[in-house]
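**Q** Structure incoming, see below.
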Amino acid sequence: MYNPFSWLKSLTRIIGFFVLSVALGFYVGEPLWAFALAAGFLLIINYIYLVQLNNWLWHSKKITPPDAKGIWGHIYDGIYYMQRRNRNKRKQLGTLIRRFREGSEALPDAAVVIDAGGHIVWCNRLARIELGLSWPEDVERRIDNLIRHPEFIAFFNAGKYDAPIVVESPTNLDKTLEYRMMPYGDQHYLLIARDITQLSQLEQMRKDFVANVSHELRTPLTVMTGYLEMLKDAPDMPEMFVTKAHDEMEIQATRMQSLVEQLLALSRIEASTERVYEKIVDVPALLATIEVEAHSLNKEKGHTISFDVDQSIVMYGVETELRSAFSNLIFNAINYTPDGGEIKVAWCTNAIGVRFSVTDDGDGIAEEHLNRLTERFYRVDKARSRKTGGSGLGLSIVKHVLSHHNSRLEISSKVGEGSEFAFSFSKQIVSNRIDAAS
Ligand code: ADP
């Protein structure tokens, strides 16, 4: 039990000891010697306690202090309690540091602690992966010797860290990282590198998209404003010119309308929340209506178009979306095949489930374009595509519809021989007309 130290008690004890020794000295007739002996005895006792304390502090493995009486007992206990308190604090600090490190390892960003001289103090696991740092080999090395991107070095040395910088990752040039430096504590810095590849790709896509849409709308608008100005400046224009201007403006207005409609269709499909497995689509009936439209579009081109449709196969899906996918492929074949070609449309079972294909014997598409055909606004021959009213969005719409229905577009084409655009649906999505009725 803790016994508080009383200086009065201790002093009384010492004085009592000396009084007793001197009284004994008087008794034997040597009071001075008795006083000197008592003082020497006290000195030796204190020295023994000091040696004991020194041995305990430096040489003993024991945690508890040696036994001692009086003031020395209090000093030993005081040191023991102080040590115990420090040990507990060290333990708490260790747990705190471990938790902090575990937390930083779980960060979704690369984190590096840097000292005032730019040397690495600590880094997390992602910093090792994303920035190529080694732990613990790179401790004490300068960060600008390890991340050698000129833009990063300039940012690091400028010392102005209010805005982040965006540069490619030192370990993978296809990745984009955003670096932030945060000063803290005693001239230390926390460097955070965040992977923003997806974000910057999306931003680039958004910019390209806006640029493409503006470009597509500008051409017809320029033509229309030109004609409108001409009509205003020359009110007595011959009837023939007025009719031509009217026809041309109508074509351009239709182009703009179809572009806007396709853009709306694309965004509708992209944001579609309609469930695929909810409704049965009567594909043979759908293809029959598209066939009528195809024949009317084919009047000028004079192709031979044949439809080979298995009347028993219907499927789960979103009808408006599927109509758009089927008709885009069929109308493309009509538009891009030179006059008098042969086009075959098929809807038949195959090993996977069912396959839809449109084959033509047109000019075909060169290999380098095939992978890019489903990109928005991508056209092999811009001038020719515009003439057919194409915006370059058709195949992009098809791609999205198919991905919504768990399928993908297969394109095979040979220059001079023709092309085939096809896709398959799995057995799970296909339903037999008889099954659907029951
Ligand atoms: P567009 O609206 O211009 O038709 P698409 O996305 O539907 O755009 O098609 C992209 C490009 O693919 C077209 O511009 C055309 O060059 C090419 N293409 C599509 N279908 C065919 C086909 N059957 N034969 C040849 N080229 C085709």
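Residue names in the structure tokens use chain letters A, B, ... in the order shown, residue numbers from 1 in each chain, and ligand numbers from 1 in the order shown.
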Which protein, DNA or RNA residues have an atom within 8 Å of ligand 1, counting only C-alpha atoms and all ligand atoms, as a ChimeraX atom specification?
**A** /A:328-330,332-337,358-360,362-365,373-382,384-386,388-397,418-421
**Q** As a PyMOL selection string, list the residues of segment 159-242 of chain A assigned to alpha helix (DSSP H) by DSSP on the backbone atoms of this structure.
**A** chain A and resi 197-233+239-242
**Q** Fewer than 3 positions away in the same chain doesn't count, so skip those; otherwise give me all residues within 9 Å of Val213 of chain A, counting only C-alpha atoms, as a VMD selection string.
**A** chain A and resid 208 to 210 216 to 218 259 263 377
**Q** Skipping near chain neighbours, those fewer than 4 positions away, what residues fall within 12 Å of Met230 of chain A using only C-alpha atoms, listed as a PyMOL selection string?
**A** chain A and resi 223-226+234-237+241-242+245-246
**Q** Nearest to Thr243 of chain A among A:Ile290, A:Leu133, A:Tyr227, A:Leu57, with distances taken over only C-alpha atoms: which residue is it?
**A** A:Tyr227
**Q** Nearest to Lys399 of chain A: which of A:Val281, A:Ala288, A:Ile269, A:Leu20 is it, counting only C-alpha atoms?
**A**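 Counting only C-alpha atoms, the residue closest to Lys399 of chain A is A:Ile269.
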**Q** So that I can see what lies close to Gln311 of chain A, please list as a ChimeraX atom specification the residues with an atom at most 10 Å from it, counting only C-alpha atoms and leaving out residues fewer than 2 positions away in the same chain.
**A** /A:282-285,308-309,313-314,347-348,432-433
**Q** If I take atom CA of Glu168 of chain A and atom CA of Gln187 of chain A, how far is one from the other in Å, to one decimal?
**A** 27.3 Å
**Q** Could you give me the residues within segment 243-368 of chain A that DSSP places in strand (DSSP E), as a list in words?
**A** Ile280, Val281, Thr304, Ile305, Ser306, Phe307, Asp308, Val309, Ile313, Val314, Met315, Tyr316, Glu342, Ile343, Lys344, Val345, Ala346, Trp347, Cys348, Thr349, Gly353, Val354, Arg355, Phe356, Ser357, Val358, Thr359 and Asp360 of chain A
**Q** Could those residues be written to a file, using C-alpha atoms, as a PDB file, in the first residue's frame?
**A**
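File produced: again-v4.pdb:
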ATOM      1  CA  ILE A 280     -40.772 -11.266 -74.102  1.00  0.00           C
ATOM      2  CA  VAL A 281     -39.984  -9.605 -77.424  1.00  0.00           C
ATOM      3  CA  THR A 304     -31.479  -8.124-103.259  1.00  0.00           C
ATOM      4  CA  ILE A 305     -32.471  -8.493 -99.624  1.00  0.00           C
ATOM      5  CA  SER A 306     -33.365 -11.834 -98.102  1.00  0.00           C
ATOM      6  CA  PHE A 307     -34.658 -12.531 -94.574  1.00  0.00           C
ATOM      7  CA  ASP A 308     -34.138 -15.995 -93.083  1.00  0.00           C
ATOM      8  CA  VAL A 309     -36.073 -15.832 -89.814  1.00  0.00           C
ATOM      9  CA  ILE A 313     -37.573 -17.938 -81.569  1.00  0.00           C
ATOM     10  CA  VAL A 314     -38.592 -15.065 -79.343  1.00  0.00           C
ATOM     11  CA  MET A 315     -36.473 -13.653 -76.517  1.00  0.00           C
ATOM     12  CA  TYR A 316     -36.441 -11.682 -73.271  1.00  0.00           C
ATOM     13  CA  GLU A 342     -26.876  -8.754-102.015  1.00  0.00           C
ATOM     14  CA  ILE A 343     -27.878  -8.541 -98.364  1.00  0.00           C
ATOM     15  CA  LYS A 344     -28.792 -11.486 -96.165  1.00  0.00           C
ATOM     16  CA  VAL A 345     -30.442 -11.166 -92.786  1.00  0.00           C
ATOM     17  CA  ALA A 346     -30.646 -14.237 -90.528  1.00  0.00           C
ATOM     18  CA  TRP A 347     -32.208 -15.016 -87.130  1.00  0.00           C
ATOM     19  CA  CYS A 348     -31.416 -18.673 -86.410  1.00  0.00           C
ATOM     20  CA  THR A 349     -30.462 -20.966 -83.547  1.00  0.00           C
ATOM     21  CA  GLY A 353     -28.683 -19.958 -78.295  1.00  0.00           C
ATOM     22  CA  VAL A 354     -29.657 -17.709 -81.168  1.00  0.00           C
ATOM     23  CA  ARG A 355     -27.679 -15.677 -83.683  1.00  0.00           C
ATOM     24  CA  PHE A 356     -28.626 -12.566 -85.634  1.00  0.00           C
ATOM     25  CA  SER A 357     -26.499 -11.673 -88.649  1.00  0.00           C
ATOM     26  CA  VAL A 358     -26.509  -9.201 -91.526  1.00  0.00           C
ATOM     27  CA  THR A 359     -24.212 -10.099 -94.419  1.00  0.00           C
ATOM     28  CA  ASP A 360     -23.525  -7.920 -97.434  1.00  0.00           C
TER      29      ASP A 360
END
**Q** With only C-alpha atoms as the atoms that count, which of A:Tyr80, A:Ser134, A:Gln262, A:Ala38 lies nearest to Lys62 of chain A?
**A**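 When distances to Lys62 of chain A are compared using only C-alpha atoms, the smallest one comes from A:Tyr80.
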**Q** Using only C-alpha atoms, can you tell me which of A:Ala351, A:Tyr47, A:Gln83, A:Met181 comes closest to Ile63 of chain A?
**A**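 Checking each candidate against Ile63 of chain A, we get A:Gln83 as the closest.
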**Q** Find, counting only C-alpha atoms, the residue in A:Leu191, A:Ala68, A:Ala23, A:Ala158 that gets nearest to Ile114 of chain A.
**A**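 Residue with the minimum atom-to-atom distance to Ile114 of chain A: A:Leu191.
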**Q** Of the residues A:Asn406, A:Ser21, A:Ser327, A:Asn157, which is the one nearest to Leu42 of chain A, using only C-alpha atoms?
**A** A:Ser21
